[in-house]
Every structure is written in C-alpha cells, then in structure tokens.
Amino acid sequence: MAEKIRVTVWHEYRHEKKNKTVAELYPDGMHAVMKAAIEEHLGSRVSVRTATLDEPEHGLTEAVLAETDVLTWWGHSAHGEVRDEIVDRVQRRVLEGMGLVVLHSGHYAKVFKRLMGTTCSLRWREAAERERLWCVNPGHPIADGLSDEYFELDHTEMYGELFDIPAPDELVFISWFEGGEVFRSGCCWTRGKGRIFYFRPGHETFPIYYDANVRRVLANGVAYVAPHSSAPVRIKAINAKDPLSPIQSTHEADPSLHR
Ligand code: ZN
C-alpha cells in the first residue's frame, strides 16, 4: 500500500458541456468539485487526479488504474459509451483490492452492474423535493464527523425503492423523500479484495456536491474503501498439484477431465 491514498475521480463530463444550469453550477466540471471535497477532508492523506469519458481509454489506462487505490464514478447519460474492456479492467482492479465509490446515477453504470450482478434499477422523479438522509449505522467510519442523526438536502432528485441491488454488507444511510419514498442511499459491499460504497446524492442540476455533509461522506467513503490489507490475493484458479502435506491415497486424476 502506498503512503497516500491515490484517488482517481472519474466523471462522464457531458452535462456541463450541454446544459446551462449544470455548467453554471460546475464551471470546471463536477469532478473538480468532488476532487476539492476529497482534498478538503483528507488533505495530505490523499493525492487526487481526475479522469473523464472522452479521454483516450476514458482516462483509465492500465497505468492509471495500477496507480489508483480508490476510483470514484459519476456517470449518467453515456453509460453505454463506456467500453467493455475498460469495465473488465476496473472490475479486475476492484477484485484485486482497489476501492470503488459509485455516485448517484452511477447506479446504472456498467461497472456497478457488473460488480452487483443485478439490474440496479430504481424508482425516480425529478421534482426538487426535500431529502432526509438518516444515518442507520452511526459507528461506521463513513458516518464519522456527522453532527446529527440525519442530514437534509432541500432540493433533490428522488430515488426510491425498490433499488434492485444485492443486500448490502453494510447499510449506512436510508433516505426519506418529501414525496413519500424511501431508499437505501449509503450501501457497502466487498467484491474480491475490494470495497465498494454506493452513495446516492449527486443530481447534476442541484448544488449537491457543495453540501458540507455530502462532501464529508464522499471523503469518508474514499477513506473507507481504500485498501486496508496487504494480504496476497489470487483471482485466478490454480491447480495445486503438489500438496502442502503428504496425501495417503494413490488416486490418479484423469487429465482429460481437467482441460
Ligand atoms: Zn440525477
């Protein structure tokens, strides 16, 4: 493990180029604001770079991913443009131990669906309604520094259940929405050696990534999914022909069954 957590903030970066509201909220792109939020809270513990969809290999070359401890992912309108070989690459790195933070509409990202194995579909509505995020796991590192049992966002896009995900290993937040729905809005899983955190807020036409609590949770999530173990990992099958201790039987395996 490197001394600093090496973070790559990945952003689709299309809405800012096409939508005036989003461009005004995020003149340098949402990724710049996310990067600043992570640096604001984690300071010298991190080195943060950004990568975007329209860069060669979506900015996620083998070299970049090899030097990434935590990848954050925001995508929405161009999930289909993410090349499958890059999805394969990100999945492999997560299994090897890279942390992944998936944000908001990233619930439909190829990368997230691949790692979840379900449709990841949900109920949604854009009506600028109030969201109240209840912390249901106050001892969890992702909730560190929050000052109350819940925090609120005045204007959000609603995401509601059923959120078609595998049961989270750890649930940190449940959202309530003004219009009546609820949603599992802070969920953790482990895949292989890698930790994954899904965090719901982040709709592009509201100033979500300027909210102090959202920024804190984003940074906490990055720190939480960062690799915590240097134990070796094998993600390929091996034929351990030579036993570690003597075996008494004289069984001969038929090699034609193991091609
Ligand atoms: Zn949205």
# chains A, B, ... in the order shown; residues from 1 in each chain; ligands from 1
$ residues_near_ligand --ligand "ligand 1" --cutoff "12 Å" --atoms "only C-alpha atoms and all ligand atoms" --output "tab-separated table (two decimals) with N, CA and C atoms, in the first residue's frame"
chain	number	residue	atom	x	y	z
A	15	HIS	N	-22.77	16.57	-19.18
A	15	HIS	CA	-23.85	17.52	-18.88
A	15	HIS	C	-23.34	18.95	-18.82
A	22	VAL	N	-26.18	23.13	-15.36
A	22	VAL	CA	-25.08	22.32	-14.84
A	22	VAL	C	-23.75	23.05	-15.04
A	74	TRP	N	-18.88	8.85	-11.44
A	74	TRP	CA	-20.14	9.55	-11.71
A	74	TRP	C	-20.42	9.46	-13.21
A	75	GLY	N	-21.52	8.83	-13.56
A	75	GLY	CA	-21.94	8.76	-14.96
A	75	GLY	C	-23.45	8.84	-15.02
A	76	HIS	N	-23.99	9.16	-16.20
A	76	HIS	CA	-25.45	9.27	-16.31
A	76	HIS	C	-25.94	8.96	-17.72
A	77	SER	N	-25.64	9.89	-18.67
A	77	SER	CA	-26.28	9.78	-19.98
A	77	SER	C	-25.46	8.93	-20.95
A	103	LEU	N	-21.43	6.93	-7.43
A	103	LEU	CA	-22.24	8.06	-7.01
A	103	LEU	C	-23.50	8.20	-7.86
A	104	HIS	N	-24.60	8.45	-7.18
A	104	HIS	CA	-25.88	8.85	-7.79
A	104	HIS	C	-26.25	7.98	-9.00
A	105	SER	N	-26.33	8.61	-10.21
A	105	SER	CA	-26.79	7.88	-11.39
A	105	SER	C	-25.78	6.83	-11.86
A	106	GLY	N	-24.64	6.76	-11.19
A	106	GLY	CA	-23.71	5.65	-11.41
A	106	GLY	C	-24.32	4.31	-11.05
A	107	HIS	N	-25.52	4.32	-10.45
A	107	HIS	CA	-26.19	3.03	-10.15
A	107	HIS	C	-26.42	2.23	-11.42
A	108	TYR	N	-26.49	2.94	-12.58
A	108	TYR	CA	-26.70	2.23	-13.85
A	108	TYR	C	-25.41	2.10	-14.66
A	122	LEU	N	-34.19	1.34	-10.26
A	122	LEU	CA	-34.80	2.01	-9.11
A	122	LEU	C	-35.97	2.86	-9.59
A	123	ARG	N	-36.65	3.49	-8.63
A	123	ARG	CA	-37.76	4.39	-8.91
A	123	ARG	C	-37.20	5.81	-8.83
A	124	TRP	N	-37.65	6.71	-9.70
A	124	TRP	CA	-37.08	8.06	-9.64
A	124	TRP	C	-38.08	9.12	-10.07
A	125	ARG	N	-37.78	10.37	-9.66
A	125	ARG	CA	-38.65	11.51	-10.02
A	125	ARG	C	-37.81	12.76	-9.82
A	126	GLU	N	-37.86	13.68	-10.79
A	126	GLU	CA	-37.15	14.95	-10.61
A	126	GLU	C	-38.18	16.04	-10.31
A	127	ALA	N	-38.30	16.39	-9.02
A	127	ALA	CA	-39.28	17.39	-8.61
A	127	ALA	C	-38.72	18.32	-7.55
A	128	ALA	N	-37.41	18.39	-7.44
A	128	ALA	CA	-36.73	19.30	-6.50
A	128	ALA	C	-37.30	19.17	-5.09
A	155	HIS	N	-33.30	20.38	-2.07
A	155	HIS	CA	-33.83	20.10	-3.40
A	155	HIS	C	-33.05	18.95	-4.01
A	156	THR	N	-33.73	17.85	-4.24
A	156	THR	CA	-33.04	16.69	-4.82
A	156	THR	C	-33.92	16.01	-5.85
A	157	GLU	N	-33.27	15.18	-6.65
A	157	GLU	CA	-33.99	14.21	-7.46
A	157	GLU	C	-34.28	13.02	-6.55
A	158	MET	N	-35.50	12.48	-6.61
A	158	MET	CA	-35.85	11.35	-5.76
A	158	MET	C	-35.38	10.04	-6.38
A	159	TYR	N	-34.77	9.19	-5.56
A	159	TYR	CA	-34.56	7.78	-5.91
A	159	TYR	C	-35.31	6.97	-4.85
A	200	ARG	N	-25.92	7.88	-2.75
A	200	ARG	CA	-26.99	8.32	-3.64
A	200	ARG	C	-26.96	9.77	-4.11
A	201	PRO	N	-26.75	10.77	-3.21
A	201	PRO	CA	-26.88	12.17	-3.67
A	201	PRO	C	-25.94	12.49	-4.83
A	202	GLY	N	-26.32	13.49	-5.63
A	202	GLY	CA	-25.40	13.90	-6.70
A	202	GLY	C	-26.07	14.31	-7.99
A	203	HIS	N	-27.35	14.64	-7.95
A	203	HIS	CA	-28.01	15.04	-9.20
A	203	HIS	C	-27.39	16.34	-9.73
A	204	GLU	N	-27.19	16.36	-11.04
A	204	GLU	CA	-26.34	17.39	-11.66
A	204	GLU	C	-26.96	18.79	-11.68
A	205	THR	N	-28.28	18.92	-11.61
A	205	THR	CA	-28.87	20.27	-11.71
A	205	THR	C	-29.09	20.92	-10.34
A	206	PHE	N	-28.66	20.27	-9.28
A	206	PHE	CA	-28.72	20.86	-7.93
A	206	PHE	C	-27.28	20.92	-7.37
A	207	PRO	N	-27.03	21.87	-6.46
A	207	PRO	CA	-25.64	22.05	-5.98
A	207	PRO	C	-25.23	21.03	-4.92
A	208	ILE	N	-25.46	19.77	-5.20
A	208	ILE	CA	-25.30	18.71	-4.19
A	208	ILE	C	-23.86	18.60	-3.70
$ closest_atom_pairs --of "segment 144-193 of chain A" --to "segment 221-239 of chain A" --cutoff "10 Å" --atoms "only C-alpha atoms" --output "CSV"
residue,atom,partner,partner_atom,distance
A:Asp144,CA,A:Gly221,CA,10.0
A:Gly186,CA,A:Gly221,CA,9.5
A:Cys188,CA,A:Val225,CA,8.9
A:Trp189,CA,A:Val225,CA,9.6
A:Thr190,CA,A:Val225,CA,9.1
A:Gly192,CA,A:Ile235,CA,7.8
A:Lys193,CA,A:Val233,CA,7.2
$ write_last_selection --atoms "N, CA and C atoms" --output "PDB file, in the first residue's frame"
ATOM      1  N   ASP A 144     -18.505   9.204  10.154  1.00  0.00           N
ATOM      2  CA  ASP A 144     -17.659   9.964  11.071  1.00  0.00           C
ATOM      3  C   ASP A 144     -17.771  11.471  10.819  1.00  0.00           C
ATOM      4  N   GLY A 186     -26.879   4.725   1.258  1.00  0.00           N
ATOM      5  CA  GLY A 186     -25.445   4.564   1.539  1.00  0.00           C
ATOM      6  C   GLY A 186     -25.181   3.099   1.821  1.00  0.00           C
ATOM      7  N   CYS A 188     -22.608  -0.535   1.389  1.00  0.00           N
ATOM      8  CA  CYS A 188     -21.253  -1.058   1.199  1.00  0.00           C
ATOM      9  C   CYS A 188     -21.287  -2.548   0.863  1.00  0.00           C
ATOM     10  N   TRP A 189     -20.359  -2.932  -0.001  1.00  0.00           N
ATOM     11  CA  TRP A 189     -20.155  -4.340  -0.344  1.00  0.00           C
ATOM     12  C   TRP A 189     -18.646  -4.596  -0.420  1.00  0.00           C
ATOM     13  N   THR A 190     -18.296  -5.878  -0.385  1.00  0.00           N
ATOM     14  CA  THR A 190     -16.932  -6.285  -0.716  1.00  0.00           C
ATOM     15  C   THR A 190     -17.016  -7.232  -1.897  1.00  0.00           C
ATOM     16  N   GLY A 192     -14.279  -9.582  -4.054  1.00  0.00           N
ATOM     17  CA  GLY A 192     -12.879  -9.965  -4.034  1.00  0.00           C
ATOM     18  C   GLY A 192     -12.241  -9.289  -2.828  1.00  0.00           C
ATOM     19  N   LYS A 193     -11.168  -8.553  -3.090  1.00  0.00           N
ATOM     20  CA  LYS A 193     -10.484  -7.852  -2.002  1.00  0.00           C
ATOM     21  C   LYS A 193     -10.901  -6.381  -1.933  1.00  0.00           C
TER      22      LYS A 193
END
$ residues_around --residues "segment 35-40 of chain A" --least-positions-apart "6" --cutoff "12 Å" --atoms "only C-alpha atoms" --output "ChimeraX atom specification"
/A:4-11,28-29,46-51,70-73,101,208-223
$ write_last_selection --atoms "C-alpha atoms" --output "mmCIF file, in the first residue's frame"
data_model
loop_
_atom_site.group_PDB
_atom_site.id
_atom_site.type_symbol
_atom_site.label_atom_id
_atom_site.label_comp_id
_atom_site.auth_asym_id
_atom_site.auth_seq_id
_atom_site.Cartn_x
_atom_site.Cartn_y
_atom_site.Cartn_z
ATOM 1 C CA LYS A 4 -1.038 8.337 0.400
ATOM 2 C CA ILE A 5 -4.388 7.113 -0.843
ATOM 3 C CA ARG A 6 -4.167 7.573 -4.606
ATOM 4 C CA VAL A 7 -7.626 8.611 -5.773
ATOM 5 C CA THR A 8 -8.937 8.874 -9.336
ATOM 6 C CA VAL A 9 -12.173 10.838 -9.645
ATOM 7 C CA TRP A 10 -13.868 9.591 -12.817
ATOM 8 C CA HIS A 11 -16.549 11.717 -14.428
ATOM 9 C CA ASP A 28 -14.872 23.346 -14.170
ATOM 10 C CA GLY A 29 -16.912 20.135 -14.093
ATOM 11 C CA VAL A 46 -4.587 11.684 -0.457
ATOM 12 C CA SER A 47 -3.323 12.500 -3.884
ATOM 13 C CA VAL A 48 -6.260 13.026 -6.223
ATOM 14 C CA ARG A 49 -6.383 13.045 -10.007
ATOM 15 C CA THR A 50 -9.341 13.154 -12.366
ATOM 16 C CA ALA A 51 -10.261 11.183 -15.491
ATOM 17 C CA VAL A 70 -9.705 4.360 -4.926
ATOM 18 C CA LEU A 71 -11.790 5.138 -8.006
ATOM 19 C CA THR A 72 -14.908 7.305 -7.733
ATOM 20 C CA TRP A 73 -17.507 7.074 -10.510
ATOM 21 C CA VAL A 101 -17.172 4.774 -4.756
ATOM 22 C CA ILE A 208 -25.303 18.709 -4.186
ATOM 23 C CA TYR A 209 -21.504 18.476 -4.192
ATOM 24 C CA TYR A 210 -21.231 21.835 -2.408
ATOM 25 C CA ASP A 211 -23.184 20.499 0.588
ATOM 26 C CA ALA A 212 -20.942 20.121 3.638
ATOM 27 C CA ASN A 213 -22.392 16.772 4.746
ATOM 28 C CA VAL A 214 -22.261 15.284 1.251
ATOM 29 C CA ARG A 215 -18.628 16.373 0.928
ATOM 30 C CA ARG A 216 -17.772 14.786 4.260
ATOM 31 C CA VAL A 217 -19.478 11.495 3.410
ATOM 32 C CA LEU A 218 -17.808 11.408 -0.007
ATOM 33 C CA ALA A 219 -14.386 11.834 1.600
ATOM 34 C CA ASN A 220 -15.179 9.334 4.361
ATOM 35 C CA GLY A 221 -16.282 6.877 1.697
ATOM 36 C CA VAL A 222 -12.990 7.274 -0.154
ATOM 37 C CA ALA A 223 -11.027 6.650 3.047
#
$ residues_around --residues "His140 of chain A" --least-positions-apart "3" --cutoff "9 Å" --atoms "only C-alpha atoms" --output "list in words"
Asn137, Ala143, Asp144, Glu170 and Val172 of chain A
$ atom_distance --atom1 "atom CA of Lys20 of chain A" --atom2 "atom CA of Thr52 of chain A"
19.4 Å
$ select_by_dssp --residues "segment 12-177 of chain A" --states "helix (DSSP H, G or I)" --output "short mmCIF file (atom, residue, chain, number, x, y, z; two decimals) with N, CA and C atoms, in the first residue's frame"
data_model
loop_
_atom_site.label_atom_id
_atom_site.label_comp_id
_atom_site.auth_asym_id
_atom_site.auth_seq_id
_atom_site.Cartn_x
_atom_site.Cartn_y
_atom_site.Cartn_z
N HIS A 15 -22.77 16.57 -19.18
CA HIS A 15 -23.85 17.52 -18.88
C HIS A 15 -23.34 18.95 -18.82
N GLU A 16 -22.16 19.15 -18.24
CA GLU A 16 -21.62 20.51 -18.09
C GLU A 16 -21.42 21.16 -19.46
N LYS A 17 -21.18 20.34 -20.49
CA LYS A 17 -20.89 20.87 -21.82
C LYS A 17 -22.17 21.17 -22.60
N LYS A 18 -23.31 20.64 -22.13
CA LYS A 18 -24.54 20.75 -22.91
C LYS A 18 -25.67 21.49 -22.18
N LYS A 20 -26.96 24.45 -19.51
CA LYS A 20 -26.52 25.73 -18.92
C LYS A 20 -26.54 25.68 -17.39
N THR A 21 -27.58 25.08 -16.82
CA THR A 21 -27.68 25.01 -15.35
C THR A 21 -26.50 24.27 -14.76
N VAL A 22 -26.18 23.13 -15.36
CA VAL A 22 -25.08 22.32 -14.84
C VAL A 22 -23.75 23.05 -15.04
N ALA A 23 -23.61 23.71 -16.19
CA ALA A 23 -22.37 24.45 -16.48
C ALA A 23 -22.16 25.58 -15.49
N GLU A 24 -23.28 26.23 -15.09
CA GLU A 24 -23.15 27.33 -14.13
C GLU A 24 -22.82 26.82 -12.73
N LEU A 25 -23.41 25.69 -12.37
CA LEU A 25 -23.13 25.11 -11.05
C LEU A 25 -21.69 24.59 -10.97
N MET A 30 -18.07 18.74 -12.55
CA MET A 30 -18.38 18.18 -11.24
C MET A 30 -17.17 17.49 -10.62
N HIS A 31 -16.32 16.93 -11.49
CA HIS A 31 -15.15 16.21 -10.99
C HIS A 31 -14.19 17.13 -10.22
N ALA A 32 -14.12 18.41 -10.66
CA ALA A 32 -13.24 19.36 -9.97
C ALA A 32 -13.75 19.61 -8.55
N VAL A 33 -15.06 19.68 -8.40
CA VAL A 33 -15.65 19.94 -7.08
C VAL A 33 -15.54 18.70 -6.19
N MET A 34 -15.72 17.54 -6.77
CA MET A 34 -15.53 16.30 -5.98
C MET A 34 -14.07 16.18 -5.51
N LYS A 35 -13.16 16.47 -6.41
CA LYS A 35 -11.73 16.40 -6.06
C LYS A 35 -11.44 17.34 -4.89
N ALA A 36 -11.98 18.55 -4.97
CA ALA A 36 -11.75 19.53 -3.90
C ALA A 36 -12.36 19.05 -2.58
N ALA A 37 -13.52 18.42 -2.64
CA ALA A 37 -14.18 17.92 -1.42
C ALA A 37 -13.33 16.84 -0.75
N ILE A 38 -12.78 15.97 -1.56
CA ILE A 38 -11.94 14.87 -1.02
C ILE A 38 -10.67 15.46 -0.41
N GLU A 39 -10.08 16.43 -1.09
CA GLU A 39 -8.86 17.06 -0.58
C GLU A 39 -9.14 17.88 0.67
N GLU A 40 -10.31 18.52 0.70
CA GLU A 40 -10.68 19.35 1.86
C GLU A 40 -10.68 18.51 3.14
N HIS A 41 -11.19 17.29 3.05
CA HIS A 41 -11.32 16.47 4.26
C HIS A 41 -10.12 15.56 4.51
N LEU A 42 -9.48 15.09 3.45
CA LEU A 42 -8.41 14.10 3.65
C LEU A 42 -7.01 14.70 3.52
N GLY A 43 -6.95 15.91 2.98
CA GLY A 43 -5.70 16.67 2.98
C GLY A 43 -4.50 15.88 2.49
N SER A 44 -3.47 15.83 3.32
CA SER A 44 -2.22 15.20 2.91
C SER A 44 -2.32 13.67 2.87
N ARG A 45 -3.46 13.12 3.29
CA ARG A 45 -3.62 11.65 3.23
C ARG A 45 -3.90 11.16 1.81
N PRO A 56 -8.58 9.44 -23.99
CA PRO A 56 -8.25 8.10 -24.51
C PRO A 56 -8.39 7.05 -23.41
N GLU A 57 -9.03 5.94 -23.74
CA GLU A 57 -9.30 4.85 -22.78
C GLU A 57 -10.08 5.38 -21.57
N HIS A 58 -10.87 6.41 -21.81
CA HIS A 58 -11.69 7.07 -20.76
C HIS A 58 -10.82 7.56 -19.59
N GLY A 59 -9.55 7.78 -19.86
CA GLY A 59 -8.64 8.23 -18.79
C GLY A 59 -8.26 7.12 -17.83
N GLU A 62 -4.31 1.16 -18.20
CA GLU A 62 -3.76 0.17 -17.24
C GLU A 62 -2.85 0.87 -16.24
N ALA A 63 -2.05 1.83 -16.76
CA ALA A 63 -1.09 2.52 -15.88
C ALA A 63 -1.82 3.34 -14.82
N VAL A 64 -2.86 4.07 -15.23
CA VAL A 64 -3.60 4.89 -14.27
C VAL A 64 -4.26 4.01 -13.21
N LEU A 65 -4.90 2.93 -13.65
CA LEU A 65 -5.58 2.06 -12.68
C LEU A 65 -4.59 1.35 -11.76
N ALA A 66 -3.43 1.03 -12.29
CA ALA A 66 -2.41 0.39 -11.44
C ALA A 66 -1.96 1.33 -10.32
N HIS A 79 -23.58 5.95 -20.16
CA HIS A 79 -23.11 4.66 -19.64
C HIS A 79 -22.73 3.70 -20.78
N GLY A 80 -23.57 3.75 -21.86
CA GLY A 80 -23.37 2.82 -22.97
C GLY A 80 -22.09 3.06 -23.74
N GLU A 81 -21.51 4.26 -23.59
CA GLU A 81 -20.27 4.57 -24.32
C GLU A 81 -19.01 4.07 -23.60
N ASP A 84 -16.35 -1.95 -22.99
CA ASP A 84 -16.39 -3.13 -22.13
C ASP A 84 -15.00 -3.52 -21.62
N GLU A 85 -13.97 -3.26 -22.43
CA GLU A 85 -12.63 -3.64 -21.95
C GLU A 85 -12.21 -2.78 -20.75
N ILE A 86 -12.73 -1.56 -20.68
CA ILE A 86 -12.42 -0.71 -19.52
C ILE A 86 -13.21 -1.21 -18.30
N VAL A 87 -14.44 -1.66 -18.55
CA VAL A 87 -15.23 -2.24 -17.46
C VAL A 87 -14.51 -3.48 -16.91
N ASP A 88 -14.02 -4.33 -17.81
CA ASP A 88 -13.26 -5.53 -17.39
C ASP A 88 -12.08 -5.12 -16.51
N ARG A 89 -11.41 -4.07 -16.95
CA ARG A 89 -10.19 -3.60 -16.27
C ARG A 89 -10.52 -3.09 -14.86
N VAL A 90 -11.60 -2.31 -14.77
CA VAL A 90 -12.00 -1.76 -13.45
C VAL A 90 -12.44 -2.90 -12.54
N GLN A 91 -13.22 -3.83 -13.08
CA GLN A 91 -13.67 -4.97 -12.26
C GLN A 91 -12.47 -5.74 -11.71
N ARG A 92 -11.51 -5.99 -12.59
CA ARG A 92 -10.33 -6.76 -12.15
C ARG A 92 -9.59 -6.03 -11.02
N ARG A 93 -9.44 -4.73 -11.18
CA ARG A 93 -8.74 -3.96 -10.14
C ARG A 93 -9.51 -3.95 -8.82
N VAL A 94 -10.85 -3.91 -8.89
CA VAL A 94 -11.63 -3.99 -7.65
C VAL A 94 -11.39 -5.35 -6.99
N LEU A 95 -11.44 -6.43 -7.76
CA LEU A 95 -11.21 -7.76 -7.19
C LEU A 95 -9.82 -7.85 -6.57
N GLU A 96 -8.87 -7.12 -7.16
CA GLU A 96 -7.50 -7.11 -6.61
C GLU A 96 -7.38 -6.24 -5.37
N HIS A 104 -24.60 8.45 -7.18
CA HIS A 104 -25.88 8.85 -7.79
C HIS A 104 -26.25 7.98 -9.00
N SER A 105 -26.33 8.61 -10.21
CA SER A 105 -26.79 7.88 -11.39
C SER A 105 -25.78 6.83 -11.86
N GLY A 106 -24.64 6.76 -11.19
CA GLY A 106 -23.71 5.65 -11.41
C GLY A 106 -24.32 4.31 -11.05
N HIS A 107 -25.52 4.32 -10.45
CA HIS A 107 -26.19 3.03 -10.15
C HIS A 107 -26.42 2.23 -11.42
N TYR A 108 -26.49 2.94 -12.58
CA TYR A 108 -26.70 2.23 -13.85
C TYR A 108 -25.41 2.10 -14.66
N LYS A 110 -22.14 0.54 -16.17
CA LYS A 110 -21.76 -0.85 -16.49
C LYS A 110 -20.90 -1.45 -15.38
N VAL A 111 -19.97 -0.63 -14.88
CA VAL A 111 -19.05 -1.08 -13.85
C VAL A 111 -19.81 -1.54 -12.60
N PHE A 112 -20.80 -0.75 -12.19
CA PHE A 112 -21.56 -1.07 -10.98
C PHE A 112 -22.43 -2.31 -11.21
N LYS A 113 -23.12 -2.36 -12.35
CA LYS A 113 -23.98 -3.51 -12.63
C LYS A 113 -23.15 -4.80 -12.70
N ARG A 114 -21.97 -4.70 -13.29
CA ARG A 114 -21.09 -5.87 -13.38
C ARG A 114 -20.74 -6.38 -11.98
N LEU A 115 -20.42 -5.46 -11.10
CA LEU A 115 -19.97 -5.86 -9.76
C LEU A 115 -21.13 -6.29 -8.86
N MET A 116 -22.34 -5.79 -9.14
CA MET A 116 -23.50 -6.17 -8.35
C MET A 116 -24.16 -7.45 -8.88
N PRO A 141 -17.32 4.13 9.92
CA PRO A 141 -16.38 5.20 9.57
C PRO A 141 -16.94 6.19 8.54
N ILE A 142 -17.86 5.75 7.71
CA ILE A 142 -18.41 6.65 6.69
C ILE A 142 -19.29 7.73 7.33
N ALA A 143 -19.78 7.49 8.53
CA ALA A 143 -20.62 8.48 9.22
C ALA A 143 -19.81 9.39 10.13
#
$ closest_residue --among "A:Leu146, A:Val82, A:Val182, A:Leu162" --to "Glu131 of chain A" --atoms "only C-alpha atoms"
A:Val182
$ select_by_dssp --residues "segment 48-176 of chain A" --states "strand (DSSP E)" --output "VMD selection string"
chain A and resid 48 to 52 70 to 74 99 to 103 123 to 135 150 to 160 170 to 176
$ write_last_selection --atoms "N, CA and C atoms" --output "short mmCIF file (atom, residue, chain, number, x, y, z; two decimals), in the first residue's frame"
data_model
loop_
_atom_site.label_atom_id
_atom_site.label_comp_id
_atom_site.auth_asym_id
_atom_site.auth_seq_id
_atom_site.Cartn_x
_atom_site.Cartn_y
_atom_site.Cartn_z
N VAL A 48 -5.05 13.21 -5.42
CA VAL A 48 -6.26 13.03 -6.22
C VAL A 48 -6.02 13.48 -7.66
N ARG A 49 -6.38 12.64 -8.61
CA ARG A 49 -6.38 13.05 -10.01
C ARG A 49 -7.79 12.82 -10.56
N THR A 50 -8.03 13.36 -11.75
CA THR A 50 -9.34 13.15 -12.37
C THR A 50 -9.16 12.46 -13.71
N ALA A 51 -10.25 11.83 -14.17
CA ALA A 51 -10.26 11.18 -15.49
C ALA A 51 -11.68 11.31 -16.03
N THR A 52 -11.79 11.48 -17.35
CA THR A 52 -13.13 11.67 -17.93
C THR A 52 -13.34 10.78 -19.16
N VAL A 70 -8.25 4.17 -4.99
CA VAL A 70 -9.71 4.36 -4.93
C VAL A 70 -10.15 5.08 -6.19
N LEU A 71 -11.18 4.52 -6.83
CA LEU A 71 -11.79 5.14 -8.01
C LEU A 71 -13.19 5.60 -7.62
N THR A 72 -13.52 6.87 -7.92
CA THR A 72 -14.91 7.31 -7.73
C THR A 72 -15.54 7.44 -9.11
N TRP A 73 -16.86 7.19 -9.20
CA TRP A 73 -17.51 7.07 -10.51
C TRP A 73 -18.81 7.84 -10.55
N TRP A 74 -18.88 8.85 -11.44
CA TRP A 74 -20.14 9.55 -11.71
C TRP A 74 -20.42 9.46 -13.21
N GLY A 99 -10.48 0.25 -4.15
CA GLY A 99 -11.79 0.69 -3.66
C GLY A 99 -12.56 1.40 -4.76
N LEU A 100 -13.90 1.34 -4.68
CA LEU A 100 -14.75 1.98 -5.68
C LEU A 100 -15.88 2.70 -4.96
N VAL A 101 -16.04 3.99 -5.27
CA VAL A 101 -17.17 4.77 -4.76
C VAL A 101 -18.05 5.12 -5.95
N VAL A 102 -19.27 4.64 -5.95
CA VAL A 102 -20.20 4.87 -7.06
C VAL A 102 -21.24 5.89 -6.59
N LEU A 103 -21.43 6.93 -7.43
CA LEU A 103 -22.24 8.06 -7.01
C LEU A 103 -23.50 8.20 -7.86
N ARG A 123 -36.65 3.49 -8.63
CA ARG A 123 -37.76 4.39 -8.91
C ARG A 123 -37.20 5.81 -8.83
N TRP A 124 -37.65 6.71 -9.70
CA TRP A 124 -37.08 8.06 -9.64
C TRP A 124 -38.08 9.12 -10.07
N ARG A 125 -37.78 10.37 -9.66
CA ARG A 125 -38.65 11.51 -10.02
C ARG A 125 -37.81 12.76 -9.82
N GLU A 126 -37.86 13.68 -10.79
CA GLU A 126 -37.15 14.95 -10.61
C GLU A 126 -38.18 16.04 -10.31
N ALA A 127 -38.30 16.39 -9.02
CA ALA A 127 -39.28 17.39 -8.61
C ALA A 127 -38.72 18.32 -7.55
N ALA A 128 -37.41 18.39 -7.44
CA ALA A 128 -36.73 19.30 -6.50
C ALA A 128 -37.30 19.17 -5.09
N GLU A 129 -37.47 17.92 -4.63
CA GLU A 129 -38.07 17.73 -3.30
C GLU A 129 -36.99 17.56 -2.22
N ARG A 130 -37.47 17.66 -0.97
CA ARG A 130 -36.56 17.53 0.17
C ARG A 130 -36.19 16.06 0.37
N GLU A 131 -34.90 15.84 0.72
CA GLU A 131 -34.42 14.50 1.07
C GLU A 131 -33.87 14.57 2.49
N ARG A 132 -34.23 13.58 3.30
CA ARG A 132 -33.65 13.46 4.65
C ARG A 132 -32.90 12.15 4.71
N LEU A 133 -31.59 12.24 4.89
CA LEU A 133 -30.75 11.03 4.93
C LEU A 133 -30.52 10.64 6.39
N TRP A 134 -31.14 9.54 6.79
CA TRP A 134 -30.98 9.03 8.15
C TRP A 134 -29.76 8.15 8.22
N CYS A 135 -28.90 8.40 9.22
CA CYS A 135 -27.75 7.53 9.43
C CYS A 135 -28.21 6.34 10.27
N TYR A 150 -29.46 12.67 11.30
CA TYR A 150 -29.79 12.76 9.87
C TYR A 150 -29.25 14.08 9.34
N PHE A 151 -29.19 14.18 8.02
CA PHE A 151 -28.97 15.48 7.39
C PHE A 151 -29.92 15.60 6.21
N GLU A 152 -30.14 16.85 5.80
CA GLU A 152 -31.15 17.09 4.76
C GLU A 152 -30.55 17.82 3.57
N LEU A 153 -31.15 17.57 2.42
CA LEU A 153 -30.86 18.32 1.20
C LEU A 153 -32.20 18.90 0.75
N ASP A 154 -32.23 20.21 0.53
CA ASP A 154 -33.51 20.88 0.28
C ASP A 154 -34.14 20.50 -1.05
N HIS A 155 -33.30 20.38 -2.07
CA HIS A 155 -33.83 20.10 -3.40
C HIS A 155 -33.05 18.95 -4.01
N THR A 156 -33.73 17.85 -4.24
CA THR A 156 -33.04 16.69 -4.82
C THR A 156 -33.92 16.01 -5.85
N GLU A 157 -33.27 15.18 -6.65
CA GLU A 157 -33.99 14.21 -7.46
C GLU A 157 -34.28 13.02 -6.55
N MET A 158 -35.50 12.48 -6.61
CA MET A 158 -35.85 11.35 -5.76
C MET A 158 -35.38 10.04 -6.38
N TYR A 159 -34.77 9.19 -5.56
CA TYR A 159 -34.56 7.78 -5.91
C TYR A 159 -35.31 6.97 -4.85
N GLY A 160 -36.14 6.03 -5.30
CA GLY A 160 -36.92 5.24 -4.34
C GLY A 160 -36.75 3.75 -4.54
N GLU A 170 -23.14 -3.70 4.45
CA GLU A 170 -23.33 -2.69 5.48
C GLU A 170 -24.19 -1.58 4.90
N LEU A 171 -25.14 -1.14 5.68
CA LEU A 171 -26.02 -0.04 5.26
C LEU A 171 -25.74 1.13 6.19
N VAL A 172 -25.44 2.30 5.61
CA VAL A 172 -25.06 3.45 6.44
C VAL A 172 -26.15 4.53 6.43
N PHE A 173 -26.84 4.70 5.30
CA PHE A 173 -27.89 5.73 5.21
C PHE A 173 -29.15 5.17 4.56
N ILE A 174 -30.28 5.64 5.07
CA ILE A 174 -31.57 5.43 4.41
C ILE A 174 -32.17 6.82 4.18
N SER A 175 -32.59 7.08 2.95
CA SER A 175 -33.19 8.37 2.64
C SER A 175 -34.70 8.31 2.72
N TRP A 176 -35.27 9.40 3.20
CA TRP A 176 -36.72 9.65 3.10
C TRP A 176 -36.89 10.85 2.17
#
